[in-house]
Each structure stands twice: as structure tokens, then as C-alpha cells.
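Okay, model-v4.cif is below, mmCIF, N, CA and C atoms:
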data_protein
loop_
_atom_site.label_atom_id
_atom_site.label_comp_id
_atom_site.auth_asym_id
_atom_site.auth_seq_id
_atom_site.Cartn_x
_atom_site.Cartn_y
_atom_site.Cartn_z
N MET A 6 -11.73 1.83 15.11
CA MET A 6 -11.16 0.67 15.77
C MET A 6 -9.81 1.07 16.37
N LYS A 7 -9.67 0.82 17.66
CA LYS A 7 -8.49 1.26 18.39
C LYS A 7 -7.19 0.60 17.92
N TYR A 8 -7.25 -0.67 17.54
CA TYR A 8 -6.03 -1.35 17.11
C TYR A 8 -5.50 -0.74 15.81
N LEU A 9 -6.39 -0.49 14.88
CA LEU A 9 -5.98 0.12 13.61
C LEU A 9 -5.40 1.51 13.83
N ALA A 10 -5.99 2.27 14.75
CA ALA A 10 -5.48 3.61 15.04
C ALA A 10 -4.05 3.54 15.58
N VAL A 11 -3.77 2.56 16.42
CA VAL A 11 -2.41 2.41 16.97
C VAL A 11 -1.44 1.98 15.87
N ILE A 12 -1.84 1.03 15.02
CA ILE A 12 -0.98 0.61 13.91
C ILE A 12 -0.64 1.80 13.03
N LEU A 13 -1.66 2.56 12.66
CA LEU A 13 -1.44 3.74 11.81
C LEU A 13 -0.62 4.81 12.55
N GLY A 14 -0.82 4.94 13.85
CA GLY A 14 -0.05 5.88 14.64
C GLY A 14 1.43 5.54 14.67
N ILE A 15 1.73 4.26 14.86
CA ILE A 15 3.13 3.81 14.85
C ILE A 15 3.74 4.07 13.48
N PHE A 16 3.02 3.65 12.44
CA PHE A 16 3.53 3.84 11.08
C PHE A 16 3.75 5.32 10.78
N GLY A 17 2.77 6.15 11.11
CA GLY A 17 2.87 7.58 10.82
C GLY A 17 3.99 8.26 11.60
N ALA A 18 4.09 7.93 12.88
CA ALA A 18 5.15 8.53 13.70
C ALA A 18 6.53 8.11 13.19
N GLU A 19 6.66 6.85 12.85
CA GLU A 19 7.93 6.36 12.32
C GLU A 19 8.26 7.01 10.98
N TRP A 20 7.27 7.13 10.13
CA TRP A 20 7.48 7.77 8.82
C TRP A 20 8.01 9.19 9.02
N LYS A 21 7.37 9.91 9.94
CA LYS A 21 7.77 11.29 10.20
C LYS A 21 9.17 11.34 10.81
N LEU A 22 9.44 10.51 11.81
CA LEU A 22 10.77 10.48 12.45
C LEU A 22 11.87 10.11 11.46
N LYS A 23 11.61 9.08 10.68
CA LYS A 23 12.62 8.63 9.72
C LYS A 23 12.90 9.70 8.67
N ASN A 24 11.86 10.37 8.20
CA ASN A 24 12.07 11.47 7.24
C ASN A 24 12.87 12.59 7.88
N HIS A 25 12.57 12.90 9.13
CA HIS A 25 13.31 13.94 9.84
C HIS A 25 14.79 13.56 9.96
N ILE A 26 15.06 12.33 10.33
CA ILE A 26 16.44 11.85 10.46
C ILE A 26 17.14 11.92 9.11
N GLU A 27 16.46 11.49 8.06
CA GLU A 27 17.05 11.51 6.71
C GLU A 27 17.41 12.94 6.29
N GLU A 28 16.56 13.90 6.65
CA GLU A 28 16.77 15.29 6.23
C GLU A 28 17.78 16.04 7.10
N THR A 29 17.94 15.65 8.35
CA THR A 29 18.73 16.47 9.27
C THR A 29 20.04 15.85 9.73
N LYS A 30 20.24 14.58 9.53
CA LYS A 30 21.45 13.90 10.03
C LYS A 30 22.28 13.37 8.87
N GLU A 31 23.57 13.33 9.11
CA GLU A 31 24.49 12.67 8.19
C GLU A 31 24.80 11.29 8.74
N GLU A 32 24.99 10.33 7.87
CA GLU A 32 25.35 8.97 8.30
C GLU A 32 26.62 9.06 9.16
N GLY A 33 26.57 8.45 10.32
CA GLY A 33 27.71 8.44 11.22
C GLY A 33 27.74 9.61 12.20
N GLN A 34 26.96 10.64 11.95
CA GLN A 34 26.86 11.78 12.86
C GLN A 34 26.00 11.35 14.04
N ALA A 35 26.47 11.60 15.26
CA ALA A 35 25.74 11.17 16.44
C ALA A 35 25.53 12.35 17.40
N GLU A 36 24.37 12.35 18.03
CA GLU A 36 24.03 13.38 19.00
C GLU A 36 23.60 12.68 20.29
N LYS A 37 24.27 12.98 21.38
CA LYS A 37 23.97 12.33 22.66
C LYS A 37 22.85 13.08 23.37
N LYS A 38 21.93 12.33 23.94
CA LYS A 38 20.79 12.86 24.70
C LYS A 38 20.72 12.13 26.04
N CYS A 39 19.92 12.66 26.94
CA CYS A 39 19.68 12.03 28.26
C CYS A 39 21.00 11.72 28.97
N GLY A 40 21.84 12.73 29.07
CA GLY A 40 23.11 12.56 29.75
C GLY A 40 24.06 11.63 29.02
N GLY A 41 23.88 11.48 27.74
CA GLY A 41 24.75 10.62 26.94
C GLY A 41 24.29 9.18 26.83
N PHE A 42 23.22 8.83 27.53
CA PHE A 42 22.73 7.44 27.49
C PHE A 42 22.13 7.09 26.13
N LEU A 43 21.33 8.01 25.57
CA LEU A 43 20.75 7.81 24.24
C LEU A 43 21.63 8.48 23.19
N VAL A 44 21.80 7.80 22.09
CA VAL A 44 22.57 8.35 20.98
C VAL A 44 21.65 8.37 19.76
N ILE A 45 21.45 9.58 19.19
CA ILE A 45 20.60 9.74 18.03
C ILE A 45 21.49 9.97 16.81
N GLY A 46 21.30 9.20 15.79
CA GLY A 46 22.09 9.32 14.58
C GLY A 46 21.33 8.76 13.40
N LYS A 47 22.04 8.49 12.32
CA LYS A 47 21.39 7.92 11.13
C LYS A 47 22.20 6.71 10.68
N HIS A 48 21.48 5.62 10.51
CA HIS A 48 22.10 4.40 10.01
C HIS A 48 21.15 3.78 8.99
N HIS A 49 21.67 3.42 7.84
CA HIS A 49 20.88 2.74 6.82
C HIS A 49 21.15 1.24 6.91
N ASN A 50 20.14 0.53 7.35
CA ASN A 50 20.24 -0.92 7.50
C ASN A 50 19.69 -1.55 6.21
N ARG A 51 20.56 -2.14 5.43
CA ARG A 51 20.17 -2.72 4.15
C ARG A 51 19.82 -4.20 4.26
N GLY A 52 19.83 -4.73 5.47
CA GLY A 52 19.45 -6.12 5.69
C GLY A 52 18.33 -6.19 6.70
N ALA A 53 18.33 -7.28 7.46
CA ALA A 53 17.37 -7.44 8.54
C ALA A 53 18.07 -7.04 9.84
N PHE A 54 17.67 -7.59 10.94
CA PHE A 54 18.27 -7.26 12.23
C PHE A 54 19.78 -7.44 12.18
N LEU A 55 20.52 -6.45 12.66
CA LEU A 55 21.98 -6.44 12.66
C LEU A 55 22.56 -6.58 11.24
N ASN A 56 21.84 -6.07 10.27
CA ASN A 56 22.25 -6.11 8.85
C ASN A 56 22.33 -7.52 8.28
N PHE A 57 21.72 -8.49 8.95
CA PHE A 57 21.71 -9.86 8.43
C PHE A 57 21.05 -9.86 7.05
N GLY A 58 21.67 -10.50 6.09
CA GLY A 58 21.12 -10.58 4.74
C GLY A 58 21.35 -9.32 3.93
N GLU A 59 22.28 -8.49 4.36
CA GLU A 59 22.56 -7.22 3.69
C GLU A 59 22.86 -7.39 2.20
N SER A 60 23.49 -8.49 1.85
CA SER A 60 23.84 -8.72 0.44
C SER A 60 22.67 -9.31 -0.35
N ARG A 61 21.57 -9.59 0.32
CA ARG A 61 20.39 -10.17 -0.33
C ARG A 61 19.16 -9.33 -0.02
N GLN A 62 19.22 -8.06 -0.38
CA GLN A 62 18.16 -7.12 -0.03
C GLN A 62 16.79 -7.53 -0.56
N LYS A 63 16.72 -8.04 -1.78
CA LYS A 63 15.42 -8.44 -2.33
C LYS A 63 14.83 -9.60 -1.54
N TRP A 64 15.67 -10.51 -1.13
CA TRP A 64 15.23 -11.64 -0.33
C TRP A 64 14.70 -11.15 1.02
N VAL A 65 15.44 -10.24 1.67
CA VAL A 65 15.02 -9.70 2.96
C VAL A 65 13.69 -8.95 2.81
N ALA A 66 13.55 -8.18 1.74
CA ALA A 66 12.30 -7.44 1.51
C ALA A 66 11.13 -8.41 1.29
N ALA A 67 11.36 -9.48 0.53
CA ALA A 67 10.31 -10.46 0.28
C ALA A 67 9.88 -11.15 1.57
N VAL A 68 10.84 -11.53 2.39
CA VAL A 68 10.53 -12.16 3.68
C VAL A 68 9.76 -11.18 4.56
N SER A 69 10.15 -9.91 4.52
CA SER A 69 9.47 -8.88 5.31
C SER A 69 8.01 -8.74 4.87
N VAL A 70 7.76 -8.74 3.58
CA VAL A 70 6.38 -8.64 3.06
C VAL A 70 5.58 -9.88 3.48
N LEU A 71 6.17 -11.05 3.34
CA LEU A 71 5.46 -12.29 3.72
C LEU A 71 5.17 -12.32 5.22
N PHE A 72 6.12 -11.91 6.01
CA PHE A 72 5.95 -11.86 7.46
C PHE A 72 4.82 -10.90 7.83
N ALA A 73 4.82 -9.71 7.25
CA ALA A 73 3.78 -8.71 7.53
C ALA A 73 2.41 -9.22 7.07
N ALA A 74 2.36 -9.88 5.92
CA ALA A 74 1.10 -10.42 5.41
C ALA A 74 0.56 -11.52 6.33
N ALA A 75 1.43 -12.43 6.76
CA ALA A 75 1.02 -13.52 7.65
C ALA A 75 0.52 -12.95 8.98
N LEU A 76 1.23 -11.96 9.53
CA LEU A 76 0.79 -11.34 10.77
C LEU A 76 -0.55 -10.63 10.60
N THR A 77 -0.75 -10.03 9.44
CA THR A 77 -2.02 -9.35 9.17
C THR A 77 -3.17 -10.34 9.18
N VAL A 78 -2.98 -11.49 8.54
CA VAL A 78 -4.02 -12.53 8.52
C VAL A 78 -4.29 -13.01 9.95
N LEU A 79 -3.24 -13.29 10.69
CA LEU A 79 -3.40 -13.75 12.07
C LEU A 79 -4.13 -12.69 12.90
N PHE A 80 -3.76 -11.43 12.72
CA PHE A 80 -4.40 -10.33 13.44
C PHE A 80 -5.89 -10.27 13.12
N VAL A 81 -6.24 -10.33 11.84
CA VAL A 81 -7.65 -10.26 11.43
C VAL A 81 -8.42 -11.43 12.04
N LEU A 82 -7.82 -12.60 12.07
CA LEU A 82 -8.48 -13.77 12.66
C LEU A 82 -8.71 -13.60 14.17
N THR A 83 -7.78 -12.93 14.85
CA THR A 83 -7.94 -12.75 16.29
C THR A 83 -9.00 -11.70 16.63
N LEU A 84 -9.29 -10.81 15.70
CA LEU A 84 -10.28 -9.76 15.98
C LEU A 84 -11.66 -10.33 16.32
N GLY A 85 -11.99 -11.46 15.74
CA GLY A 85 -13.28 -12.08 16.01
C GLY A 85 -13.33 -12.89 17.29
N MET A 86 -12.19 -13.05 17.94
CA MET A 86 -12.15 -13.84 19.18
C MET A 86 -12.50 -12.96 20.38
N ARG A 87 -13.21 -13.56 21.32
CA ARG A 87 -13.48 -12.86 22.57
C ARG A 87 -12.22 -12.93 23.43
N GLY A 88 -11.99 -11.88 24.16
CA GLY A 88 -10.81 -11.87 25.02
C GLY A 88 -9.55 -11.74 24.16
N ARG A 89 -8.51 -12.39 24.57
CA ARG A 89 -7.24 -12.39 23.84
C ARG A 89 -6.68 -10.98 23.64
N GLY A 90 -6.97 -10.07 24.58
CA GLY A 90 -6.53 -8.69 24.46
C GLY A 90 -5.03 -8.55 24.37
N LEU A 91 -4.31 -9.33 25.17
CA LEU A 91 -2.85 -9.26 25.15
C LEU A 91 -2.31 -9.68 23.78
N LEU A 92 -2.87 -10.72 23.21
CA LEU A 92 -2.47 -11.17 21.88
C LEU A 92 -2.78 -10.10 20.84
N LYS A 93 -3.96 -9.52 20.92
CA LYS A 93 -4.34 -8.48 19.96
C LYS A 93 -3.43 -7.26 20.05
N TRP A 94 -3.11 -6.83 21.28
CA TRP A 94 -2.23 -5.67 21.44
C TRP A 94 -0.81 -6.01 20.99
N GLY A 95 -0.38 -7.24 21.25
CA GLY A 95 0.94 -7.66 20.78
C GLY A 95 1.03 -7.63 19.27
N LEU A 96 0.01 -8.16 18.61
CA LEU A 96 -0.01 -8.15 17.14
C LEU A 96 -0.13 -6.73 16.60
N THR A 97 -0.84 -5.88 17.32
CA THR A 97 -0.96 -4.48 16.92
C THR A 97 0.42 -3.81 16.88
N LEU A 98 1.18 -3.98 17.96
CA LEU A 98 2.53 -3.40 18.00
C LEU A 98 3.43 -4.02 16.93
N LEU A 99 3.35 -5.34 16.81
CA LEU A 99 4.14 -6.03 15.79
C LEU A 99 3.85 -5.48 14.39
N LEU A 100 2.58 -5.32 14.09
CA LEU A 100 2.21 -4.85 12.75
C LEU A 100 2.63 -3.40 12.50
N GLY A 101 2.49 -2.54 13.50
CA GLY A 101 2.94 -1.16 13.33
C GLY A 101 4.41 -1.10 12.96
N GLY A 102 5.23 -1.84 13.70
CA GLY A 102 6.67 -1.87 13.42
C GLY A 102 7.00 -2.58 12.12
N ALA A 103 6.31 -3.68 11.86
CA ALA A 103 6.57 -4.45 10.63
C ALA A 103 6.19 -3.65 9.39
N TYR A 104 5.05 -2.98 9.42
CA TYR A 104 4.64 -2.17 8.26
C TYR A 104 5.64 -1.05 8.01
N SER A 105 6.10 -0.41 9.08
CA SER A 105 7.05 0.69 8.93
C SER A 105 8.36 0.21 8.30
N ASN A 106 8.92 -0.86 8.84
CA ASN A 106 10.20 -1.35 8.31
C ASN A 106 10.05 -1.96 6.92
N THR A 107 8.92 -2.61 6.67
CA THR A 107 8.68 -3.17 5.34
C THR A 107 8.53 -2.05 4.31
N TYR A 108 7.83 -1.00 4.67
CA TYR A 108 7.71 0.17 3.79
C TYR A 108 9.11 0.68 3.42
N ASP A 109 9.95 0.84 4.43
CA ASP A 109 11.32 1.30 4.16
C ASP A 109 12.04 0.38 3.19
N ARG A 110 11.94 -0.92 3.43
CA ARG A 110 12.65 -1.87 2.56
C ARG A 110 12.17 -1.80 1.12
N LEU A 111 10.87 -1.58 0.94
CA LEU A 111 10.32 -1.54 -0.41
C LEU A 111 10.54 -0.19 -1.09
N VAL A 112 10.42 0.90 -0.36
CA VAL A 112 10.49 2.23 -0.96
C VAL A 112 11.91 2.82 -0.92
N ARG A 113 12.53 2.78 0.23
CA ARG A 113 13.87 3.37 0.37
C ARG A 113 14.97 2.41 -0.04
N LYS A 114 14.70 1.12 0.05
CA LYS A 114 15.67 0.04 -0.18
C LYS A 114 16.60 -0.16 1.02
N TYR A 115 16.26 0.42 2.15
CA TYR A 115 16.97 0.24 3.41
C TYR A 115 16.03 0.71 4.52
N VAL A 116 16.30 0.25 5.74
CA VAL A 116 15.53 0.70 6.90
C VAL A 116 16.34 1.78 7.61
N VAL A 117 15.67 2.87 7.94
CA VAL A 117 16.32 3.96 8.67
C VAL A 117 16.29 3.63 10.16
N ASP A 118 17.46 3.46 10.74
CA ASP A 118 17.60 3.27 12.18
C ASP A 118 18.25 4.52 12.74
N TYR A 119 17.92 4.88 13.99
CA TYR A 119 18.38 6.18 14.47
C TYR A 119 18.65 6.28 15.97
N VAL A 120 18.42 5.27 16.74
CA VAL A 120 18.66 5.39 18.18
C VAL A 120 19.48 4.20 18.68
N SER A 121 20.47 4.51 19.50
CA SER A 121 21.25 3.47 20.16
C SER A 121 21.48 3.91 21.61
N PHE A 122 22.03 3.02 22.38
CA PHE A 122 22.24 3.28 23.80
C PHE A 122 23.73 3.24 24.10
N HIS A 123 24.20 4.23 24.82
CA HIS A 123 25.61 4.27 25.20
C HIS A 123 25.80 3.37 26.42
N VAL A 124 26.09 2.11 26.15
CA VAL A 124 26.32 1.13 27.20
C VAL A 124 27.56 0.33 26.84
N PRO A 125 28.24 -0.21 27.84
CA PRO A 125 29.42 -1.02 27.53
C PRO A 125 29.04 -2.29 26.79
N GLY A 126 29.94 -2.77 25.99
CA GLY A 126 29.71 -4.01 25.26
C GLY A 126 29.11 -3.79 23.89
N GLY A 127 28.71 -4.87 23.27
CA GLY A 127 28.22 -4.84 21.89
C GLY A 127 26.89 -4.15 21.69
N LEU A 128 26.04 -4.09 22.72
CA LEU A 128 24.71 -3.49 22.55
C LEU A 128 24.81 -2.02 22.17
N GLY A 129 25.85 -1.34 22.58
CA GLY A 129 26.02 0.06 22.26
C GLY A 129 26.22 0.32 20.78
N LYS A 130 26.55 -0.70 20.02
CA LYS A 130 26.77 -0.55 18.58
C LYS A 130 25.53 -0.87 17.75
N VAL A 131 24.48 -1.39 18.39
CA VAL A 131 23.25 -1.74 17.70
C VAL A 131 22.38 -0.50 17.60
N VAL A 132 21.91 -0.21 16.39
CA VAL A 132 21.07 0.97 16.16
C VAL A 132 19.66 0.50 15.86
N PHE A 133 18.68 1.12 16.52
CA PHE A 133 17.28 0.72 16.43
C PHE A 133 16.45 1.87 15.86
N ASN A 134 15.17 1.56 15.65
CA ASN A 134 14.16 2.58 15.42
C ASN A 134 12.95 2.21 16.29
N ILE A 135 11.97 3.09 16.36
CA ILE A 135 10.80 2.82 17.21
C ILE A 135 10.08 1.55 16.75
N GLY A 136 10.02 1.34 15.44
CA GLY A 136 9.39 0.13 14.91
C GLY A 136 10.03 -1.13 15.45
N ASP A 137 11.36 -1.13 15.59
CA ASP A 137 12.06 -2.30 16.14
C ASP A 137 11.60 -2.59 17.57
N PHE A 138 11.46 -1.51 18.37
CA PHE A 138 10.99 -1.70 19.75
C PHE A 138 9.56 -2.22 19.76
N CYS A 139 8.73 -1.71 18.86
CA CYS A 139 7.35 -2.20 18.76
C CYS A 139 7.32 -3.67 18.39
N ILE A 140 8.19 -4.07 17.48
CA ILE A 140 8.26 -5.48 17.07
C ILE A 140 8.69 -6.35 18.24
N MET A 141 9.71 -5.93 18.98
CA MET A 141 10.20 -6.73 20.11
C MET A 141 9.14 -6.85 21.22
N ILE A 142 8.57 -5.72 21.60
CA ILE A 142 7.56 -5.74 22.66
C ILE A 142 6.31 -6.48 22.18
N GLY A 143 5.91 -6.24 20.93
CA GLY A 143 4.75 -6.92 20.36
C GLY A 143 4.93 -8.42 20.30
N ALA A 144 6.13 -8.87 19.95
CA ALA A 144 6.39 -10.32 19.90
C ALA A 144 6.27 -10.93 21.29
N LEU A 145 6.83 -10.25 22.28
CA LEU A 145 6.74 -10.74 23.66
C LEU A 145 5.29 -10.80 24.13
N LEU A 146 4.53 -9.73 23.91
CA LEU A 146 3.12 -9.72 24.31
C LEU A 146 2.31 -10.79 23.57
N SER A 147 2.62 -10.97 22.29
CA SER A 147 1.90 -11.98 21.50
C SER A 147 2.14 -13.38 22.01
N VAL A 148 3.37 -13.68 22.34
CA VAL A 148 3.69 -15.01 22.86
C VAL A 148 2.98 -15.23 24.20
N ILE A 149 3.05 -14.24 25.07
CA ILE A 149 2.37 -14.37 26.37
C ILE A 149 0.86 -14.47 26.16
N GLY A 150 0.30 -13.62 25.30
CA GLY A 150 -1.13 -13.62 25.04
C GLY A 150 -1.62 -14.88 24.38
N TYR A 151 -0.81 -15.46 23.52
CA TYR A 151 -1.18 -16.69 22.83
C TYR A 151 -1.18 -17.88 23.79
N SER A 152 -0.23 -17.86 24.72
CA SER A 152 -0.09 -19.02 25.62
C SER A 152 -1.13 -19.04 26.73
N LYS A 153 -1.87 -17.95 26.90
CA LYS A 153 -2.90 -17.90 27.96
C LYS A 153 -4.18 -18.54 27.50
#

Structure rendered as C-alpha cells:
Amino acid sequence: MKYLAVILGIFGAEWKLKNHIEETKEEGQAEKKCGGFLVIGKHHNRGAFLNFGESRQKWVAAVSVLFAAALTVLFVLTLGMRGRGLLKWGLTLLLGGAYSNTYDRLVRKYVVDYVSFHVPGGLGKVVFNIGDFCIMIGALLSVIGYSK
């Protein structure tokens, strides 16, 4: 099944990338790529997006598990529907990212983030991982796919 392969691919690639970052980078150490536009480093996010809930890690982990479980149920229900390809692909990306970050929260007790963008303003201080991008793009595709 193609959707499952993509979910596992996202999870596996993220697992490998995060382990590589953990083994090769020091927290706060940054390496500029693509003419300085991309910044690769290591950041341990102990909360949710932008470290929200950092002081309540167990709560954030529980919400992450519930969110991933609810999305899994919704995904399984959509598999039996004809059409709805955009919704299915959106949920696929969402689940790949959600499983990766949830795994981190449960096993590592923090999410490994490693990429930021050298841009003016506050966005340059936000550190992401591939799972975060999958979640954002997946959420957008899911909303568009659901509304059709």
C-alpha cells in the first residue's frame, strides 16, 4: 500500500536524520547551507510547536499520542472511500510527521529539530524538522481534500 510506504518512509528518514544530528552536532552549533539560507543545527524541543507546553512534557506527549491515534482512525476510515486522494495524501503526510515527533516525545523525551531559515524577523529563530513540514503540508492538503 503506497500510503503506508510513504508514512514509513517519512518516519524512517526522520529517525535516521535525527540520529545523525544527535551524533554529529552540539546544541547551538549551526552550519549554514545553500548560501547561508538554510541553517542546520541541533535543538531539543521539550514542548510542542515553539516549545509551547515545555514545562508540561507528559501532557504534551499524551496530547501527541491522542492526536496521532485520532488521525490514524480517520486515515483508516478514509481508505475505504472512493476518491478523496487529496485527503488521503494529506493524512499520510500528517501521520508520517506525527508518528516521528510522537516517537521522539515518548522515547527521547524531546523532539529533535534541526533546520531553520536565515531570514529577517522571528521566523529565523524557529527550528523545524522534516516531520514538522510534513505535518504543515499534510494539514493543508487534508483541509482542502476534506472540503471538496

Fill in the blank from the handout: In Å and to one decimal, atom C of A:His123 is distant from atom CA of A:Ala53 by 22.5 Å

Exercise for the section: To verify the selection step, state as number ranges by chain which residues the PyMOL selection byres (((chain A and resi 132 and name CA) around 10) and name CA) yields on this input. Expected result: A: 44-50, 54-55, 117-122, 128-131, 133-134, 137

Problem - strand (DSSP E) residues, from DSSP on the backbone, in stretch 7-90 of chain A, as a ChimeraX atom specification - result: /A:35-38,43-50

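Using only N, CA and C atoms for every distance, the candidate list A:Leu84, A:Ala144, A:Val78, A:Val124 yields A:Val124 as the residue closest to A:Gly41.
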
Problem - Minimum-distance residue to A:Leu96, chosen among A:Ala35, A:Val11, A:Leu43, A:Val112 (using only C-alpha atoms) - result: A:Val11

Exercise for the section: Can you work out the spacing between atom CA of A:Met141 and atom CA of A:Leu82 in Å, to one decimal? Expected result: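 Going from atom CA of A:Met141 over to atom CA of A:Leu82 covers 21.3 Å.
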
Exercise for the section: Between A:Leu92, A:His25, A:Ala67, A:Gly102, single out the one closest to A:Ile135, counting all atoms listed in the file. Expected result: A:Gly102

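Of note, atom CA of A:Arg61 and atom CA of A:Thr77 are spaced 24.4 Å apart.
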
Practice task
Output the residue selection produced by the PyMOL selection byres ((chain A and resi 101) around 6) on the file above, formatted as a PyMOL selection string.
Solution key: chain A and resi 11-13+15-16+96-100+102-105+136

Problem - helix (DSSP H, G or I) residues, from DSSP on the backbone, in chain A, as a count of residues only - result: 98

Problem - Counting all atoms listed in the file, the option among A:Gly52, A:Pro125, A:Trp64, A:Gly95 closest to A:Cys139 - result: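 Of the candidates, the smallest distance to A:Cys139 is held by A:Gly95.
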
Exercise for the section: Do a neighbour search on A:Lys114 at 7 Å with all atoms listed in the file, toss out local chain neighbours closer than 3 positions, and write the hits as JSON, numbers by chain. Expected result: {"A": [50, 51, 108, 109, 110, 111]}

Kindly save the residues from that selection, with N, CA and C atoms included, as a PDB file, keeping the file's coordinate frame.
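again_29.pdb, freshly written:
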ATOM      1  N   ASN A  50      20.140   0.530   7.350  1.00  0.00           N
ATOM      2  CA  ASN A  50      20.240  -0.920   7.500  1.00  0.00           C
ATOM      3  C   ASN A  50      19.690  -1.550   6.210  1.00  0.00           C
ATOM      4  N   ARG A  51      20.560  -2.140   5.430  1.00  0.00           N
ATOM      5  CA  ARG A  51      20.170  -2.720   4.150  1.00  0.00           C
ATOM      6  C   ARG A  51      19.820  -4.200   4.260  1.00  0.00           C
ATOM      7  N   TYR A 108       7.830  -1.000   4.670  1.00  0.00           N
ATOM      8  CA  TYR A 108       7.710   0.170   3.790  1.00  0.00           C
ATOM      9  C   TYR A 108       9.110   0.680   3.420  1.00  0.00           C
ATOM     10  N   ASP A 109       9.950   0.840   4.430  1.00  0.00           N
ATOM     11  CA  ASP A 109      11.320   1.300   4.160  1.00  0.00           C
ATOM     12  C   ASP A 109      12.040   0.380   3.190  1.00  0.00           C
ATOM     13  N   ARG A 110      11.940  -0.920   3.430  1.00  0.00           N
ATOM     14  CA  ARG A 110      12.650  -1.870   2.560  1.00  0.00           C
ATOM     15  C   ARG A 110      12.170  -1.800   1.120  1.00  0.00           C
ATOM     16  N   LEU A 111      10.870  -1.580   0.940  1.00  0.00           N
ATOM     17  CA  LEU A 111      10.320  -1.540  -0.410  1.00  0.00           C
ATOM     18  C   LEU A 111      10.540  -0.190  -1.090  1.00  0.00           C
TER      19      LEU A 111
END

Problem - Minimum-distance residue to A:Arg89, chosen among A:Met6, A:Ala75, A:Trp20, A:Gly150 (using all atoms listed in the file) - result: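 Once distances to A:Arg89 are computed over all atoms listed in the file, the minimum belongs to A:Gly150.
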
Box dimensions and centre (Å, one decimal) enclosing stretch 135-150 of chain A, axis-aligned, 3 Å extra per side, as lines of an AutoDock Vina configuration file:
center_x = 5.2
center_y = -6.1
center_z = 20.6
size_x = 19.7
size_y = 24.3
size_z = 17.5

Practice task
Find, counting all atoms listed in the file, the residue in A:Val70, A:Leu146, A:Ile26, A:Cys39 that gets nearest to A:Gly90.
Solution key: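 For A:Gly90, the nearest of the given residues is A:Leu146.
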
Taking the block just given, write stretch 72-86 of chain A to a file that holds N, CA and C atoms, as a PDB file, in the first residue's frame.
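Output contents, as saved in selection_1.pdb:
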ATOM      1  N   PHE A  72      -3.589  12.687  19.453  1.00  0.00           N
ATOM      2  CA  PHE A  72      -3.695  13.288  18.127  1.00  0.00           C
ATOM      3  C   PHE A  72      -3.324  12.271  17.050  1.00  0.00           C
ATOM      4  N   ALA A  73      -2.210  11.575  17.237  1.00  0.00           N
ATOM      5  CA  ALA A  73      -1.766  10.568  16.262  1.00  0.00           C
ATOM      6  C   ALA A  73      -2.776   9.426  16.165  1.00  0.00           C
ATOM      7  N   ALA A  74      -3.333   9.009  17.297  1.00  0.00           N
ATOM      8  CA  ALA A  74      -4.324   7.928  17.296  1.00  0.00           C
ATOM      9  C   ALA A  74      -5.600   8.354  16.555  1.00  0.00           C
ATOM     10  N   ALA A  75      -6.075   9.565  16.828  1.00  0.00           N
ATOM     11  CA  ALA A  75      -7.283  10.068  16.162  1.00  0.00           C
ATOM     12  C   ALA A  75      -7.057  10.183  14.654  1.00  0.00           C
ATOM     13  N   LEU A  76      -5.885  10.694  14.255  1.00  0.00           N
ATOM     14  CA  LEU A  76      -5.572  10.790  12.834  1.00  0.00           C
ATOM     15  C   LEU A  76      -5.488   9.414  12.180  1.00  0.00           C
ATOM     16  N   THR A  77      -4.963   8.447  12.924  1.00  0.00           N
ATOM     17  CA  THR A  77      -4.869   7.079  12.395  1.00  0.00           C
ATOM     18  C   THR A  77      -6.256   6.518  12.123  1.00  0.00           C
ATOM     19  N   VAL A  78      -7.175   6.710  13.058  1.00  0.00           N
ATOM     20  CA  VAL A  78      -8.551   6.239  12.874  1.00  0.00           C
ATOM     21  C   VAL A  78      -9.180   6.930  11.667  1.00  0.00           C
ATOM     22  N   LEU A  79      -9.035   8.238  11.580  1.00  0.00           N
ATOM     23  CA  LEU A  79      -9.593   8.979  10.453  1.00  0.00           C
ATOM     24  C   LEU A  79      -8.985   8.485   9.142  1.00  0.00           C
ATOM     25  N   PHE A  80      -7.682   8.264   9.132  1.00  0.00           N
ATOM     26  CA  PHE A  80      -6.993   7.768   7.938  1.00  0.00           C
ATOM     27  C   PHE A  80      -7.545   6.410   7.513  1.00  0.00           C
ATOM     28  N   VAL A  81      -7.680   5.493   8.461  1.00  0.00           N
ATOM     29  CA  VAL A  81      -8.190   4.146   8.153  1.00  0.00           C
ATOM     30  C   VAL A  81      -9.608   4.248   7.589  1.00  0.00           C
ATOM     31  N   LEU A  82     -10.411   5.128   8.150  1.00  0.00           N
ATOM     32  CA  LEU A  82     -11.782   5.309   7.651  1.00  0.00           C
ATOM     33  C   LEU A  82     -11.802   5.855   6.220  1.00  0.00           C
ATOM     34  N   THR A  83     -10.844   6.712   5.886  1.00  0.00           N
ATOM     35  CA  THR A  83     -10.825   7.281   4.531  1.00  0.00           C
ATOM     36  C   THR A  83     -10.346   6.275   3.488  1.00  0.00           C
ATOM     37  N   LEU A  84      -9.609   5.264   3.918  1.00  0.00           N
ATOM     38  CA  LEU A  84      -9.088   4.292   2.953  1.00  0.00           C
ATOM     39  C   LEU A  84     -10.203   3.573   2.192  1.00  0.00           C
ATOM     40  N   GLY A  85     -11.333   3.385   2.829  1.00  0.00           N
ATOM     41  CA  GLY A  85     -12.454   2.714   2.178  1.00  0.00           C
ATOM     42  C   GLY A  85     -13.274   3.617   1.272  1.00  0.00           C
ATOM     43  N   MET A  86     -12.982   4.906   1.277  1.00  0.00           N
ATOM     44  CA  MET A  86     -13.738   5.847   0.452  1.00  0.00           C
ATOM     45  C   MET A  86     -13.161   5.910  -0.960  1.00  0.00           C
TER      46      MET A  86
END
